[in-house]
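The block underneath contains the structure these notes are about, expressed in structure tokens.
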Amino acid sequence: MTDTAAGSEQFAEAFSEIERLHALIDMIPDAMVIIDKRGTIKAFSKGAEHMFGYSEKQVLGENVSVLMPSPDREAHDGYISHYLRTGEKRMIGTRRITTARRRNGNTFPIELSVGEMPVSGKRHFSGFIRDLTDSKQKEQTLQALQADLAHVSRISSMGGMANSIAHELNQPLTGITNYSAAAIDLLEDASASHIDDVRHALTECRKEALRAGDIIRKLREFIAHGDTTLEIADLRRLVNSATALALVNGDGRDVDFASQFDPRCENVLAVPVQIQQVLVNLIRNALEAMHETASKRIRVSSSYEPRGMVRVTVSDSGPGLDPHIAERLFHPFISTKASGMGLGLSICHTIINAHGGRIEAGPSELGGTDFSFTLKSAELGGDND
Ligand code: ADP
């Protein structure tokens, strides 16, 4: 942040040019932040003040990482110097779905576009930020995701499939409910003449249950054969976009969210859209589990495993697993929620198995549950054994 005397002059010049820019950027309803090549905040629009809860005065001269959750918070300086050193554009000129951090510590989903611009001949970067928490922006969110996720058509076919599965499953489930209710009524008067009717009702129940099982099998086949092209995927990116997706409906407002990645295994071999689906399911489950919990914390972390694998863990500070279902957690239709389908974890299980990994759950250091799964590492360098 310190400048030489000549630098200060240029700085003053740059500053007044930024001030002129201000009138313009304050017109933008979304947030705009301008930083210099050291990451120091030089301008903070009215929209940014509103979005982040800081006044411009409070953040001018601060490093832009104050607006980011961990681990980007710690890593951001490195991102800029990497770009300045190599000229490799990872963020500049792209639109990306990721997360940001408000003054009160809340993590929220954003769409971020970064541009580069000279101000008084010096390199500056502009960040244009759109808050995706607001439900009325959901449609825009989906459009933004389309830009961000090359595989979006498959995501929406997943969504569409989930809808039609829910619809199809409703029929056998309604059948099972009706036939079993009839059997219970008939058993009120368990005379010999009613036994045949009870048998009939139970036979129908069984048929309906088998039909539901068939639907699940089809779902598994769809997942297994739908898209199996493994790619080298950046784990941090997968987690960031899945987090943003899981938070779009505003459920994570008062949740302390952070992630931590093992630098030895940043890339995995995966069908990105499927792993995203797994992460979204696990993060949404964690959010739902913590509904009544006073201190809400979610951590996503990765760690190096022997034999070239990576472990990804989603931890929460919720109430932990219900012991009644812990054994059958990954079976379909196992749910403790009034409106739960009990399909999320069974889909996660199928996806992770198809990737050659394993998924498991257990108690978490945060007080709630750890869900963790393994994937093949895509690090080259041969030190993964
Ligand atoms: P659903 O969310 O529709 O119930 P899932 O298969 O995703 O279906 O989850 C099955 C059950 O596993 C949930 O109903 C809940 O009881 C339990 N569960 C999942 N994630 C968590 C978690 N993070 N903490 C506690 N229980 C969980």
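Ordered as shown in the structure tokens, chains take letters A, B, and onward, while each chain numbers its residues from 1 and ligands are numbered from 1 in the order shown.
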Surroundings of ligand 1 up to 9 Å, based on only C-alpha atoms and all ligand atoms, as a PyMOL selection string: chain A and resi 281-290+314-322+325-326+328-348+361+368-371
Within 12 Å of segment 45-69 of chain A, which residues of segment 171-255 of chain A come that close, and what is the closest atom pair and distance in Å for each? Count only C-alpha atoms and give it as CSV.
residue,atom,partner,partner_atom,distance
A:Asn240,CA,A:Pro69,CA,10.5
A:Thr243,CA,A:Pro69,CA,11.7
A:Val255,CA,A:Pro69,CA,11.8
Atom-to-atom span, atom CA of Arg73 of chain A and atom CA of Gly252 of chain A, Å: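 Result for atom CA of Arg73 of chain A versus atom CA of Gly252 of chain A: 18.9 Å, one decimal.
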Spatial neighbours of Gly127 of chain A, 6 Å, only C-alpha atoms, chain gap at least 5 places, as a ChimeraX atom specification: /A:32-33,113-114
Got time to write the residues from that selection, N, CA, C and O atoms, as a PDB file, in the first residue's frame?
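The new file selection_39.pdb reads:
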ATOM      1  N   MET A  32     -20.061  -2.582  -7.455  1.00  0.00           N
ATOM      2  CA  MET A  32     -18.860  -2.469  -8.263  1.00  0.00           C
ATOM      3  C   MET A  32     -17.710  -2.087  -7.339  1.00  0.00           C
ATOM      4  O   MET A  32     -17.828  -1.178  -6.522  1.00  0.00           O
ATOM      5  N   VAL A  33     -16.614  -2.808  -7.468  1.00  0.00           N
ATOM      6  CA  VAL A  33     -15.448  -2.542  -6.630  1.00  0.00           C
ATOM      7  C   VAL A  33     -14.247  -2.394  -7.559  1.00  0.00           C
ATOM      8  O   VAL A  33     -14.078  -3.204  -8.478  1.00  0.00           O
ATOM      9  N   SER A 113     -18.059 -10.625 -12.248  1.00  0.00           N
ATOM     10  CA  SER A 113     -17.368 -10.407 -13.530  1.00  0.00           C
ATOM     11  C   SER A 113     -16.185  -9.493 -13.251  1.00  0.00           C
ATOM     12  O   SER A 113     -16.355  -8.437 -12.643  1.00  0.00           O
ATOM     13  N   VAL A 114     -15.020  -9.911 -13.672  1.00  0.00           N
ATOM     14  CA  VAL A 114     -13.824  -9.102 -13.417  1.00  0.00           C
ATOM     15  C   VAL A 114     -13.284  -8.560 -14.732  1.00  0.00           C
ATOM     16  O   VAL A 114     -13.186  -9.289 -15.722  1.00  0.00           O
TER      17      VAL A 114
END
Atom CA of Gln260 of chain A to atom CA of Asp30 of chain A, straight-line distance in Å: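 Computing it gives 28.5 Å between the two atoms.
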Segment 284-369 of chain A: residues DSSP assigns to strand (DSSP E or B), reported as a list of chain:residue names: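 Across segment 284-369 of chain A, those assigned strand (DSSP E or B) are A:Arg297, A:Ile298, A:Arg299, A:Val300, A:Ser301, A:Ser302, A:Ser303, A:Tyr304, A:Glu305, A:Met309, A:Val310, A:Arg311, A:Val312, A:Thr313, A:Val314, A:Ser315, A:Asp316, A:Ile359, A:Glu360, A:Ala361, A:Gly362, A:Pro363, A:Thr369.
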Residue nearest Thr107 of chain A - candidates A:Glu266, A:Glu88, A:Asp189, A:Asp131, atoms counted: only C-alpha atoms: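 Among the listed residues, the smallest separation from Thr107 of chain A belongs to A:Asp131.
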Counting only C-alpha atoms, the residue of A:Ala31, A:Met117, A:Leu132, A:Ala75 that sits nearest Ile92 of chain A: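 Among the listed residues, the smallest separation from Ile92 of chain A belongs to A:Met117.
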Test item, alpha helix (DSSP H) assignment across segment 170-316 of chain A, answer as a PyMOL selection string: chain A and resi 170-188+192-226+235-247+272-289
Computed interatomic separation between atom CA of Thr229 of chain A and atom CA of Pro109 of chain A (Å): 28.0 Å
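Minimum atom-to-atom distances from A:Arg199, A:Arg358, A:His76, A:Lys122 to Leu375 of chain A were compared using only C-alpha atoms, and the lowest value belongs to A:Arg358.
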Within 12 Å of Asn178 of chain A using only C-alpha atoms, minus same-chain residues under 6 positions, as a ChimeraX atom specification: /A:171-172,184-185,201-202,204-205,208
Any chance you can output those residues with N, CA, C and O atoms as a PDB file, in the first residue's frame?
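Output below, filename selection.pdb:
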ATOM      1  N   GLN A 171     -47.276 -41.866  -7.374  1.00  0.00           N
ATOM      2  CA  GLN A 171     -48.351 -42.848  -7.607  1.00  0.00           C
ATOM      3  C   GLN A 171     -48.176 -44.107  -6.765  1.00  0.00           C
ATOM      4  O   GLN A 171     -49.065 -44.448  -5.990  1.00  0.00           O
ATOM      5  N   PRO A 172     -47.039 -44.825  -6.880  1.00  0.00           N
ATOM      6  CA  PRO A 172     -46.904 -46.006  -6.025  1.00  0.00           C
ATOM      7  C   PRO A 172     -46.968 -45.677  -4.536  1.00  0.00           C
ATOM      8  O   PRO A 172     -47.538 -46.450  -3.766  1.00  0.00           O
ATOM      9  N   ILE A 184     -55.009 -51.939   7.642  1.00  0.00           N
ATOM     10  CA  ILE A 184     -55.114 -51.635   9.082  1.00  0.00           C
ATOM     11  C   ILE A 184     -56.585 -51.600   9.508  1.00  0.00           C
ATOM     12  O   ILE A 184     -56.981 -52.186  10.508  1.00  0.00           O
ATOM     13  N   ASP A 185     -57.409 -50.934   8.673  1.00  0.00           N
ATOM     14  CA  ASP A 185     -58.850 -50.869   8.991  1.00  0.00           C
ATOM     15  C   ASP A 185     -59.443 -52.269   9.073  1.00  0.00           C
ATOM     16  O   ASP A 185     -60.204 -52.594   9.988  1.00  0.00           O
ATOM     17  N   ALA A 201     -54.807 -56.560  -0.022  1.00  0.00           N
ATOM     18  CA  ALA A 201     -54.260 -55.200   0.178  1.00  0.00           C
ATOM     19  C   ALA A 201     -52.739 -55.257   0.306  1.00  0.00           C
ATOM     20  O   ALA A 201     -52.018 -54.432  -0.278  1.00  0.00           O
ATOM     21  N   LEU A 202     -52.226 -56.245   1.033  1.00  0.00           N
ATOM     22  CA  LEU A 202     -50.770 -56.345   1.218  1.00  0.00           C
ATOM     23  C   LEU A 202     -50.068 -56.723  -0.084  1.00  0.00           C
ATOM     24  O   LEU A 202     -48.958 -56.250  -0.373  1.00  0.00           O
ATOM     25  N   GLU A 204     -51.066 -55.895  -3.050  1.00  0.00           N
ATOM     26  CA  GLU A 204     -51.024 -54.659  -3.853  1.00  0.00           C
ATOM     27  C   GLU A 204     -49.929 -53.729  -3.336  1.00  0.00           C
ATOM     28  O   GLU A 204     -49.216 -53.087  -4.115  1.00  0.00           O
ATOM     29  N   CYS A 205     -49.826 -53.673  -2.001  1.00  0.00           N
ATOM     30  CA  CYS A 205     -48.770 -52.851  -1.383  1.00  0.00           C
ATOM     31  C   CYS A 205     -47.408 -53.270  -1.919  1.00  0.00           C
ATOM     32  O   CYS A 205     -46.573 -52.430  -2.286  1.00  0.00           O
ATOM     33  N   GLU A 208     -46.824 -52.213  -5.490  1.00  0.00           N
ATOM     34  CA  GLU A 208     -46.535 -50.775  -5.604  1.00  0.00           C
ATOM     35  C   GLU A 208     -45.105 -50.472  -5.158  1.00  0.00           C
ATOM     36  O   GLU A 208     -44.420 -49.643  -5.746  1.00  0.00           O
TER      37      GLU A 208
END
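Residues surrounding Ser259 of chain A within 7 Å are Ser70, Pro71, Arg299, Val300 and Ser301 of chain A [only C-alpha atoms; sequence separation below 3 positions excluded].
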Okay, now the selection with N, CA and C atoms, as a PDB file, in the first residue's frame?
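This went into again-v1.pdb:
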ATOM      1  N   SER A  70     -13.079 -17.513   3.427  1.00  0.00           N
ATOM      2  CA  SER A  70     -11.903 -18.385   3.269  1.00  0.00           C
ATOM      3  C   SER A  70     -12.263 -19.486   2.286  1.00  0.00           C
ATOM      4  N   PRO A  71     -11.365 -20.039   1.519  1.00  0.00           N
ATOM      5  CA  PRO A  71      -9.944 -19.763   1.510  1.00  0.00           C
ATOM      6  C   PRO A  71      -9.530 -18.677   0.498  1.00  0.00           C
ATOM      7  N   ARG A 299     -18.359 -26.409   6.943  1.00  0.00           N
ATOM      8  CA  ARG A 299     -16.986 -26.398   6.413  1.00  0.00           C
ATOM      9  C   ARG A 299     -16.907 -27.413   5.283  1.00  0.00           C
ATOM     10  N   VAL A 300     -16.323 -27.018   4.160  1.00  0.00           N
ATOM     11  CA  VAL A 300     -16.035 -27.991   3.109  1.00  0.00           C
ATOM     12  C   VAL A 300     -14.520 -28.072   3.018  1.00  0.00           C
ATOM     13  N   SER A 301     -13.984 -29.267   3.114  1.00  0.00           N
ATOM     14  CA  SER A 301     -12.521 -29.370   3.071  1.00  0.00           C
ATOM     15  C   SER A 301     -12.105 -30.531   2.184  1.00  0.00           C
TER      16      SER A 301
END
Counting only C-alpha atoms, the option among A:Asn353, A:Ser126, A:Pro323, A:Val268 closest to Ala233 of chain A: A:Val268
